[in-house]
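As stored in run_4.txt (compact mmCIF, C-alpha atoms):
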```txt
# COMPACT_ATOMS: atom_id res chain seq x y z
CA MET A 1 18.51 46.81 -7.97
CA VAL A 2 16.16 44.98 -10.28
CA GLU A 3 15.86 42.32 -7.63
CA GLU A 4 15.17 44.98 -5.01
CA GLN A 5 12.35 46.33 -7.14
CA HIS A 6 11.07 42.83 -7.74
CA ALA A 7 11.22 42.02 -4.06
CA SER A 8 9.29 45.13 -3.10
CA ARG A 9 6.40 44.56 -5.50
CA PRO A 10 3.25 43.72 -3.56
CA GLY A 11 3.02 40.30 -5.24
CA GLY A 12 6.64 39.52 -4.45
CA ARG A 13 6.35 40.59 -0.85
CA THR A 14 3.09 38.72 -0.40
CA ALA A 15 4.63 35.60 -1.85
CA ARG A 16 7.67 35.96 0.40
CA VAL A 17 5.55 36.39 3.52
CA ARG A 18 3.55 33.31 2.54
CA ALA A 19 6.72 31.28 1.98
CA ASP A 20 8.11 32.36 5.39
CA VAL A 21 4.85 31.57 7.15
CA LEU A 22 4.43 28.16 5.51
CA ALA A 23 8.05 27.23 6.26
CA ALA A 24 7.34 28.06 9.91
CA VAL A 25 4.11 26.00 9.86
CA ASP A 26 6.05 23.08 8.41
CA ALA A 27 8.76 23.33 11.08
CA GLU A 28 6.28 23.75 13.94
CA LEU A 29 4.21 20.79 12.74
CA ALA A 30 7.30 18.64 12.49
CA GLU A 31 8.48 19.62 15.98
CA HIS A 32 5.22 19.73 17.92
CA GLY A 33 2.56 18.05 15.75
CA TYR A 34 -0.88 19.47 15.12
CA ASP A 35 -1.67 19.87 18.82
CA GLY A 36 1.34 22.13 19.29
CA LEU A 37 0.66 24.31 16.24
CA THR A 38 -0.37 27.83 17.29
CA ILE A 39 -0.62 31.18 15.57
CA ASP A 40 1.76 32.65 18.16
CA ALA A 41 4.45 30.02 17.53
CA VAL A 42 4.19 30.53 13.76
CA ALA A 43 4.45 34.31 14.27
CA ALA A 44 7.54 33.94 16.46
CA ARG A 45 9.28 31.56 14.10
CA SER A 46 8.42 33.34 10.84
CA GLY A 47 8.89 36.88 12.07
CA VAL A 48 5.50 37.74 10.53
CA HIS A 49 3.21 39.70 12.84
CA ARG A 50 0.35 37.75 14.36
CA THR A 51 -2.21 40.33 13.18
CA THR A 52 -1.08 39.57 9.61
CA LEU A 53 -1.49 35.86 10.30
CA TYR A 54 -4.98 36.34 11.71
CA ARG A 55 -5.95 38.57 8.78
CA ARG A 56 -4.71 36.28 6.01
CA TRP A 57 -5.01 32.76 7.47
CA LYS A 58 -7.55 33.34 10.27
CA THR A 59 -7.06 30.01 12.09
CA VAL A 60 -4.63 27.15 12.61
CA PRO A 61 -6.61 24.93 10.20
CA GLY A 62 -6.42 27.82 7.73
CA LEU A 63 -2.61 27.66 7.92
CA LEU A 64 -2.63 23.92 7.38
CA VAL A 65 -4.97 24.15 4.41
CA ASP A 66 -2.67 26.73 2.81
CA LEU A 67 0.38 24.51 3.45
CA LEU A 68 -1.33 21.68 1.54
CA ARG A 69 -2.41 24.08 -1.23
CA ALA A 70 1.18 25.27 -1.61
CA GLY A 71 2.24 21.61 -1.78
CA ALA A 72 -0.20 21.04 -4.62
CA ASP A 73 1.28 24.04 -6.46
CA ASP A 74 4.89 22.86 -6.26
CA ALA A 75 6.95 21.48 -9.12
CA TRP A 76 7.06 17.87 -7.87
CA GLU A 77 7.32 15.30 -10.63
CA PRO A 78 7.40 11.54 -10.32
CA PRO A 79 10.79 9.81 -10.64
CA ASP A 80 11.92 8.69 -14.10
CA THR A 81 14.29 5.72 -13.81
CA GLY A 82 13.54 4.13 -17.19
CA SER A 83 11.40 1.23 -15.95
CA LEU A 84 8.03 0.89 -14.24
CA GLU A 85 9.54 -1.17 -11.42
CA GLY A 86 12.32 1.35 -10.88
CA ASP A 87 9.85 4.24 -10.85
CA LEU A 88 7.54 2.48 -8.38
CA ILE A 89 10.47 1.67 -6.08
CA ALA A 90 11.52 5.34 -6.18
CA VAL A 91 7.94 6.47 -5.40
CA ASN A 92 7.67 3.99 -2.53
CA ARG A 93 10.97 5.19 -1.11
CA GLU A 94 9.66 8.78 -1.12
CA VAL A 95 6.49 7.69 0.67
CA HIS A 96 8.46 5.55 3.13
CA ALA A 97 10.90 8.38 3.88
CA ALA A 98 8.08 10.91 4.41
CA LEU A 99 6.21 8.61 6.80
CA THR A 100 9.23 7.46 8.80
CA ALA A 101 10.91 10.88 9.13
CA ARG A 102 11.28 11.78 12.81
CA PRO A 103 9.43 14.07 13.08
CA SER A 104 7.13 13.52 10.09
CA VAL A 105 5.13 16.45 8.72
CA THR A 106 3.11 13.97 6.65
CA GLN A 107 2.06 12.03 9.76
CA ALA A 108 1.16 15.33 11.48
CA VAL A 109 -0.96 16.44 8.52
CA ILE A 110 -2.72 13.07 8.39
CA ALA A 111 -3.52 13.34 12.11
CA ALA A 112 -4.84 16.87 11.55
CA SER A 113 -7.12 15.57 8.78
CA PHE A 114 -9.00 13.57 11.45
CA ARG A 115 -9.55 16.73 13.51
CA THR A 116 -11.03 19.22 11.08
CA ALA A 117 -13.02 18.79 7.89
CA GLU A 118 -11.05 21.65 6.30
CA ALA A 119 -7.77 19.76 6.74
CA ALA A 120 -9.37 16.53 5.48
CA ASP A 121 -10.61 18.27 2.32
CA ALA A 122 -7.25 19.92 1.71
CA LEU A 123 -5.38 16.63 2.18
CA THR A 124 -7.77 14.82 -0.16
CA ARG A 125 -7.17 17.43 -2.86
CA PHE A 126 -3.41 17.37 -2.26
CA TRP A 127 -3.26 13.58 -2.71
CA GLU A 128 -5.61 13.63 -5.71
CA ASP A 129 -3.14 15.95 -7.39
CA ARG A 130 -0.11 13.86 -6.33
CA TYR A 131 -1.61 10.55 -7.51
CA ALA A 132 -2.70 12.19 -10.79
CA ARG A 133 0.88 13.40 -11.36
CA THR A 134 2.32 10.01 -10.40
CA ALA A 135 0.14 8.32 -13.03
CA LEU A 136 2.68 9.67 -15.54
CA ILE A 137 4.97 6.75 -14.66
CA VAL A 138 2.24 4.37 -15.85
CA ARG A 139 1.70 6.32 -19.09
CA ARG A 140 5.44 6.20 -19.75
CA ALA A 141 5.44 2.42 -19.13
CA VAL A 142 2.56 2.09 -21.63
CA ALA A 143 4.50 4.20 -24.15
CA ARG A 144 7.54 1.94 -23.72
CA GLY A 145 5.35 -1.10 -24.32
CA GLU A 146 6.07 -2.40 -20.81
CA VAL A 147 2.42 -2.67 -19.78
CA PRO A 148 -0.94 -2.87 -21.59
CA ALA A 149 -2.60 0.45 -22.44
CA ASP A 150 -5.70 -0.35 -20.36
CA VAL A 151 -3.86 -0.63 -17.03
CA ASP A 152 -5.72 1.17 -14.24
CA ALA A 153 -3.05 3.58 -12.95
CA GLN A 154 -4.80 4.34 -9.65
CA GLN A 155 -5.22 0.63 -8.80
CA LEU A 156 -1.57 0.02 -9.65
CA LEU A 157 -0.37 2.92 -7.51
CA LEU A 158 -2.60 1.73 -4.64
CA THR A 159 -1.04 -1.75 -4.82
CA ALA A 160 2.39 -0.14 -4.49
CA THR A 161 1.75 2.58 -1.91
CA GLY A 162 -1.35 1.41 0.00
CA PRO A 163 0.50 -1.22 2.08
CA ILE A 164 3.08 1.34 3.28
CA TYR A 165 0.47 3.84 4.44
CA HIS A 166 -1.58 1.10 6.06
CA GLN A 167 1.31 -0.43 7.99
CA LEU A 168 2.95 2.85 9.09
CA VAL A 169 -0.08 5.12 9.61
CA LEU A 170 -3.07 2.98 10.58
CA LEU A 171 -1.55 -0.26 11.93
CA ARG A 172 1.21 1.88 13.52
CA GLN A 173 3.80 -0.87 12.97
CA PRO A 174 7.33 -0.48 11.60
CA MET A 175 8.15 -1.21 7.96
CA SER A 176 11.65 -1.35 6.51
CA ARG A 177 12.63 0.33 3.25
CA ALA A 178 13.26 -3.16 1.82
CA GLU A 179 9.61 -4.02 2.55
CA ALA A 180 8.49 -0.81 0.83
CA ASP A 181 10.59 -1.89 -2.18
CA HIS A 182 8.88 -5.30 -2.07
CA HIS A 183 5.45 -3.70 -2.44
CA ALA A 184 6.69 -1.70 -5.46
CA ARG A 185 7.94 -4.91 -7.08
CA VAL A 186 4.65 -6.68 -6.37
CA ALA A 187 2.77 -3.84 -8.06
CA ALA A 188 5.05 -3.88 -11.11
CA ALA A 189 4.80 -7.68 -11.40
CA THR A 190 1.01 -7.40 -11.41
CA VAL A 191 0.98 -5.66 -14.77
CA CYS A 192 4.33 -6.39 -16.46
CA MET B 1 -33.98 -21.34 36.93
CA VAL B 2 -30.41 -22.40 36.29
CA GLU B 3 -30.22 -19.52 33.85
CA GLU B 4 -31.65 -17.18 36.47
CA GLN B 5 -28.95 -18.24 38.90
CA HIS B 6 -26.34 -17.89 36.21
CA ALA B 7 -27.58 -14.44 35.30
CA SER B 8 -27.51 -13.25 38.90
CA ARG B 9 -23.95 -14.36 39.64
CA PRO B 10 -21.69 -11.30 40.08
CA GLY B 11 -19.56 -12.35 37.09
CA GLY B 12 -22.62 -12.82 34.93
CA ARG B 13 -24.09 -9.47 35.90
CA THR B 14 -20.77 -7.69 35.37
CA ALA B 15 -20.43 -9.25 31.96
CA ARG B 16 -23.98 -8.28 31.05
CA VAL B 17 -23.46 -4.67 32.13
CA ARG B 18 -20.29 -4.55 30.06
CA ALA B 19 -22.06 -6.00 27.02
CA ASP B 20 -24.88 -3.44 27.37
CA VAL B 21 -22.45 -0.56 27.76
CA LEU B 22 -20.27 -1.60 24.83
CA ALA B 23 -23.32 -2.09 22.59
CA ALA B 24 -24.34 1.47 23.49
CA VAL B 25 -20.81 2.79 22.77
CA ASP B 26 -20.89 1.04 19.39
CA ALA B 27 -24.30 2.53 18.52
CA GLU B 28 -23.36 6.03 19.71
CA LEU B 29 -20.08 5.95 17.79
CA ALA B 30 -21.87 4.82 14.66
CA GLU B 31 -24.51 7.54 14.97
CA HIS B 32 -22.48 10.50 16.21
CA GLY B 33 -18.80 9.62 15.73
CA TYR B 34 -16.14 10.10 18.37
CA ASP B 35 -16.96 13.78 18.87
CA GLY B 36 -20.51 12.91 19.82
CA LEU B 37 -19.60 10.09 22.23
CA THR B 38 -20.38 11.09 25.82
CA ILE B 39 -20.74 9.24 29.11
CA ASP B 40 -24.26 10.66 29.48
CA ALA B 41 -25.36 9.39 26.05
CA VAL B 42 -23.93 5.92 26.78
CA ALA B 43 -25.71 5.92 30.17
CA ALA B 44 -29.02 6.89 28.58
CA ARG B 45 -28.80 4.31 25.82
CA SER B 46 -27.49 1.42 27.93
CA GLY B 47 -29.65 2.02 31.00
CA VAL B 48 -26.48 1.74 33.11
CA HIS B 49 -26.08 4.50 35.69
CA ARG B 50 -23.47 7.13 34.88
CA THR B 51 -21.78 6.68 38.27
CA THR B 52 -21.15 3.03 37.29
CA LEU B 53 -19.71 4.19 33.97
CA TYR B 54 -17.41 6.72 35.67
CA ARG B 55 -16.29 4.10 38.23
CA ARG B 56 -15.52 1.31 35.75
CA TRP B 57 -14.54 3.11 32.54
CA LYS B 58 -13.61 6.57 33.89
CA THR B 59 -13.50 8.43 30.54
CA VAL B 60 -14.74 8.33 26.97
CA PRO B 61 -11.34 7.03 25.76
CA GLY B 62 -11.65 4.36 28.46
CA LEU B 63 -14.93 3.20 26.91
CA LEU B 64 -13.36 3.09 23.47
CA VAL B 65 -10.34 1.14 24.67
CA ASP B 66 -12.67 -1.44 26.26
CA LEU B 67 -14.72 -1.69 23.04
CA LEU B 68 -11.53 -2.57 21.14
CA ARG B 69 -10.45 -5.01 23.87
CA ALA B 70 -13.80 -6.76 23.66
CA GLY B 71 -13.34 -6.94 19.89
CA ALA B 72 -9.98 -8.63 20.39
CA ASP B 73 -11.67 -11.16 22.71
CA ASP B 74 -14.41 -12.17 20.29
CA ALA B 75 -14.64 -15.41 18.36
CA TRP B 76 -13.92 -13.94 14.92
CA GLU B 77 -12.19 -16.32 12.56
CA PRO B 78 -11.03 -15.69 9.02
CA PRO B 79 -13.18 -17.04 6.18
CA ASP B 80 -12.47 -20.55 4.87
CA THR B 81 -13.54 -20.84 1.23
CA GLY B 82 -11.09 -23.55 0.19
CA SER B 83 -8.67 -21.34 -1.77
CA LEU B 84 -6.30 -18.50 -0.91
CA GLU B 85 -7.89 -16.22 -3.51
CA GLY B 86 -11.37 -16.98 -2.23
CA ASP B 87 -10.31 -16.35 1.36
CA LEU B 88 -8.61 -13.04 0.48
CA ILE B 89 -11.68 -11.89 -1.46
CA ALA B 90 -13.85 -12.72 1.56
CA VAL B 91 -11.47 -10.84 3.91
CA ASN B 92 -11.42 -7.82 1.58
CA ARG B 93 -15.21 -7.81 1.41
CA GLU B 94 -15.36 -7.70 5.23
CA VAL B 95 -12.90 -4.79 5.29
CA HIS B 96 -14.74 -3.00 2.49
CA ALA B 97 -18.13 -3.47 4.17
CA ALA B 98 -16.81 -2.20 7.54
CA LEU B 99 -15.27 0.91 5.99
CA THR B 100 -18.19 1.80 3.72
CA ALA B 101 -20.97 1.17 6.26
CA ARG B 102 -22.94 4.36 6.81
CA PRO B 103 -22.29 5.02 9.62
CA SER B 104 -19.01 3.13 10.07
CA VAL B 105 -17.85 2.29 13.59
CA THR B 106 -14.47 1.34 12.12
CA GLN B 107 -14.02 4.80 10.58
CA ALA B 108 -15.05 6.40 13.90
CA VAL B 109 -12.55 4.29 15.84
CA ILE B 110 -9.77 5.14 13.36
CA ALA B 111 -10.55 8.85 13.74
CA ALA B 112 -10.48 8.45 17.54
CA SER B 113 -7.04 6.83 17.30
CA PHE B 114 -5.71 10.17 16.01
CA ARG B 115 -7.13 11.97 19.07
CA THR B 116 -5.85 9.99 22.03
CA ALA B 117 -2.80 7.79 22.53
CA GLU B 118 -4.94 5.32 24.51
CA ALA B 119 -7.23 4.74 21.53
CA ALA B 120 -4.24 4.48 19.18
CA ASP B 121 -2.63 1.81 21.39
CA ALA B 122 -5.88 -0.14 21.69
CA LEU B 123 -6.48 -0.03 17.94
CA THR B 124 -2.91 -1.16 17.24
CA ARG B 125 -3.36 -4.15 19.56
CA PHE B 126 -6.80 -4.95 18.08
CA TRP B 127 -5.39 -5.02 14.55
CA GLU B 128 -2.29 -6.98 15.57
CA ASP B 129 -4.63 -9.65 16.88
CA ARG B 130 -6.87 -9.54 13.79
CA TYR B 131 -3.96 -9.79 11.32
CA ALA B 132 -2.41 -12.60 13.39
CA ARG B 133 -5.70 -14.53 13.20
CA THR B 134 -6.08 -13.81 9.49
CA ALA B 135 -2.64 -15.31 8.84
CA LEU B 136 -4.40 -18.68 9.25
CA ILE B 137 -5.62 -18.39 5.66
CA VAL B 138 -1.99 -18.26 4.52
CA ARG B 139 -1.01 -21.29 6.66
CA ARG B 140 -3.96 -23.22 5.19
CA ALA B 141 -2.81 -22.27 1.66
CA VAL B 142 0.69 -23.52 2.53
CA ALA B 143 -0.79 -26.77 3.89
CA ARG B 144 -2.77 -27.23 0.64
CA GLY B 145 0.44 -26.71 -1.33
CA GLU B 146 -1.02 -23.58 -2.96
CA VAL B 147 1.84 -21.29 -1.91
CA PRO B 148 5.47 -21.73 -0.77
CA ALA B 149 6.02 -22.27 2.96
CA ASP B 150 8.18 -19.16 3.27
CA VAL B 151 5.48 -16.70 2.18
CA ASP B 152 5.40 -13.61 4.42
CA ALA B 153 1.79 -13.60 5.62
CA GLN B 154 1.79 -9.99 6.81
CA GLN B 155 3.16 -8.69 3.49
CA LEU B 156 0.56 -10.73 1.62
CA LEU B 157 -2.30 -9.45 3.78
CA LEU B 158 -1.02 -5.88 3.36
CA THR B 159 -1.04 -6.26 -0.43
CA ALA B 160 -4.68 -7.35 -0.21
CA THR B 161 -6.07 -4.99 2.43
CA GLY B 162 -3.69 -1.99 2.41
CA PRO B 163 -5.08 -0.46 -0.80
CA ILE B 164 -8.66 -0.54 0.56
CA TYR B 165 -7.75 1.24 3.80
CA HIS B 166 -5.61 3.76 1.94
CA GLN B 167 -8.25 4.65 -0.63
CA LEU B 168 -11.24 4.76 1.74
CA VAL B 169 -9.65 6.10 4.96
CA LEU B 170 -6.66 8.29 4.03
CA LEU B 171 -7.31 9.32 0.41
CA ARG B 172 -11.04 9.59 1.30
CA GLN B 173 -12.07 8.44 -2.18
CA PRO B 174 -14.73 5.88 -3.08
CA MET B 175 -13.82 2.26 -3.88
CA SER B 176 -16.23 -0.32 -5.26
CA ARG B 177 -16.49 -3.86 -3.91
CA ALA B 178 -15.24 -5.08 -7.32
CA GLU B 179 -12.08 -3.02 -6.81
CA ALA B 180 -11.64 -4.53 -3.34
CA ASP B 181 -11.94 -7.97 -4.99
CA HIS B 182 -9.29 -6.91 -7.52
CA HIS B 183 -6.78 -6.19 -4.74
CA ALA B 184 -7.45 -9.62 -3.20
CA ARG B 185 -6.77 -11.26 -6.60
CA VAL B 186 -3.57 -9.25 -7.04
CA ALA B 187 -2.35 -10.43 -3.62
CA ALA B 188 -3.18 -14.08 -4.39
CA ALA B 189 -1.49 -13.89 -7.81
CA THR B 190 1.67 -12.56 -6.15
CA VAL B 191 2.29 -15.85 -4.37
CA CYS B 192 0.29 -18.53 -6.20
```

Just give me the structure of the file as structure tokens.
Amino acid sequence: MVEEQHASRPGGRTARVRADVLAAVDAELAEHGYDGLTIDAVAARSGVHRTTLYRRWKTVPGLLVDLLRAGADDAWEPPDTGSLEGDLIAVNREVHAALTARPSVTQAVIAASFRTAEAADALTRFWEDRYARTALIVRRAVARGEVPADVDAQQLLLTATGPIYHQLVLLRQPMSRAEADHHARVAAATVC
Amino acid sequence: MVEEQHASRPGGRTARVRADVLAAVDAELAEHGYDGLTIDAVAARSGVHRTTLYRRWKTVPGLLVDLLRAGADDAWEPPDTGSLEGDLIAVNREVHAALTARPSVTQAVIAASFRTAEAADALTRFWEDRYARTALIVRRAVARGEVPADVDAQQLLLTATGPIYHQLVLLRQPMSRAEADHHARVAAATVC
């Protein structure tokens, strides 16, 4: 009964509609990519009326921007394995898994970011937030005395993750998980 | 006179028309990006009639694909500074300059590769060729005894160049030339 009341509060209902819509956007993107993402398909999959979609999200890019905003609001934390190398390997495996998933929402969102400035801005903000959170693994390594306090966290994370994005997204070539691990080890060796 | 004859041979004229057209594509891409690239604008800038453009290149993606093919045919060679670190710094400075040029043809071509499969395929082949040529700097380092013979050239080049592409193209954040140099030094230190 308490839950019923909670669920029927405007805020609760609004949040639930948003969650349903964004789950549908995610699934549609994964199945059909950005070119196949339509308001009608999101309405059909989410069960939310298209007039509601047009009122709250207005356009397909609007849906995508909100998906990235919701991603920035989530509770994601970087892995904590006890060593910088272990943490970087875990991060690289997350990146590798996201980019090699078939279908890959991440690849679809990246493609969308080259279509509309709104999606590009939202993706930039999403990654800024993710890289800022990931920097925690460097601060922990500093606290453990593993690396010097003046290590540039962004440069270190770029050494680890940059090669995976470049090979899989821009060069459009395969990369094994073992190679992703290699780039994490290279990054850790740079500063340890 | 010999030059006149040379210039009026069918092959010579065809090659000259192609060079004029591709120079116009390059300039239009740089000024207006992929969205602003039109057959009419290329015709106007190159002085080549639009019916010729439609006959030989058919579409805007066709023009872009030929621009990348011509790039793969050029005489580009990797820098030769006498050391692996020096060569990687020189490579990274070329990448950094291409991506930070305002306007940047490279950035426009990357964006186009997310619009049409033809452009994506052509860019993949262009980069395959470029990275294969750049591997010469690793073979020279092996020959000098600077690095072990079993170094993976592609992994090494990814460590150097991947972070620049990731930061400037996907994360859409600035990167200084000094930071690009840093990533070249990191890559060299990995194997030296």

What's around Gly47 in chain B at 10 Å? Count only C-alpha atoms, leave out sequence neighbours fewer than 2 positions away in its own chain, and write the answer as a count of residues only.
11

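In this comparison, which uses only C-alpha atoms, the residue of B:Arg130, B:Arg172, B:Arg144, B:Arg139 approaching chain A most closely is B:Arg172.
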
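The neighbours of range 58-64 of chain A here are the residues that come within 8 Å of it, using all atoms listed in the file and leaving out any residue fewer than 3 positions away in the same chain; they are Leu22, Val25, Leu37, Thr38, Ile39, Leu53, Tyr54, Arg55, Leu67, Leu68, Val109, Thr116, Glu118 and Ala119 of chain A.
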
With 7 Å as the cut-off and all atoms listed in the file counted, what is the closest atom pair between each nearby residue of chain A and chain B? Distances in Å to one decimal, ordered by chain and number, as a tab-separated table.
```
residue	atom	partner	partner_atom	distance
A:Ala111	CA	B:Phe114	CA	5.5
A:Phe114	CA	B:Ala111	CA	5.5
A:Thr124	CA	B:Leu171	CA	5.5
A:Trp127	CA	B:Leu171	CA	6.7
A:Leu158	CA	B:Pro163	CA	5.1
A:Thr159	CA	B:Pro163	CA	5.8
A:Gly162	CA	B:Pro163	CA	4.2
A:Pro163	CA	B:Gly162	CA	4.3
A:Tyr165	CA	B:His166	CA	6.6
A:His166	CA	B:Gly162	CA	5.2
A:Leu171	CA	B:Thr124	CA	5.6
A:Arg172	CA	B:Thr124	CA	6.3
A:Val186	CA	B:Thr190	CA	6.6
A:Thr190	CA	B:Val186	CA	6.6
```

Using only C-alpha atoms, which protein or nucleic acid residues come within 8 Å of Val105 in chain B? Drop anything in the same chain fewer than 2 positions from it, and give the result as a VMD selection string.
chain B and resid 26 29 to 30 33 98 103 107 to 109

Could you tell me how far CA of Ile137 in chain B lies from CA of Pro78 in chain B, in Å and to one decimal?
6.9 Å

What's the separation between CA of Gly36 in chain A and CA of Ser104 in chain A, in Å to one decimal place?
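Here the two named atoms are 13.9 Å from each other.
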
Can you tell me, as a PyMOL selection string, what residues are no more than 7 Å from Leu88 in chain B when counting all atoms listed in the file, ignoring any on the same chain fewer than 3 positions away?
chain B and resi 84-85+91-92+160+184

Between CA of Asp80 in chain B and CA of Ala132 in chain B, measure the distance and give it in Å to one decimal.
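Spanning CA of Asp80 in chain B to CA of Ala132 in chain B is a straight-line distance of 15.4 Å.
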
Build an axis-aligned box that encloses every atom of range 169-180 of chain B listed in the file, pad it by 6 Å on each side, and report its centre and edge lengths in Å to one decimal, as lines of an AutoDock Vina configuration file.
```
center_x = -11.6
center_y = 2.3
center_z = -1.2
size_x = 21.8
size_y = 26.7
size_z = 24.3
```
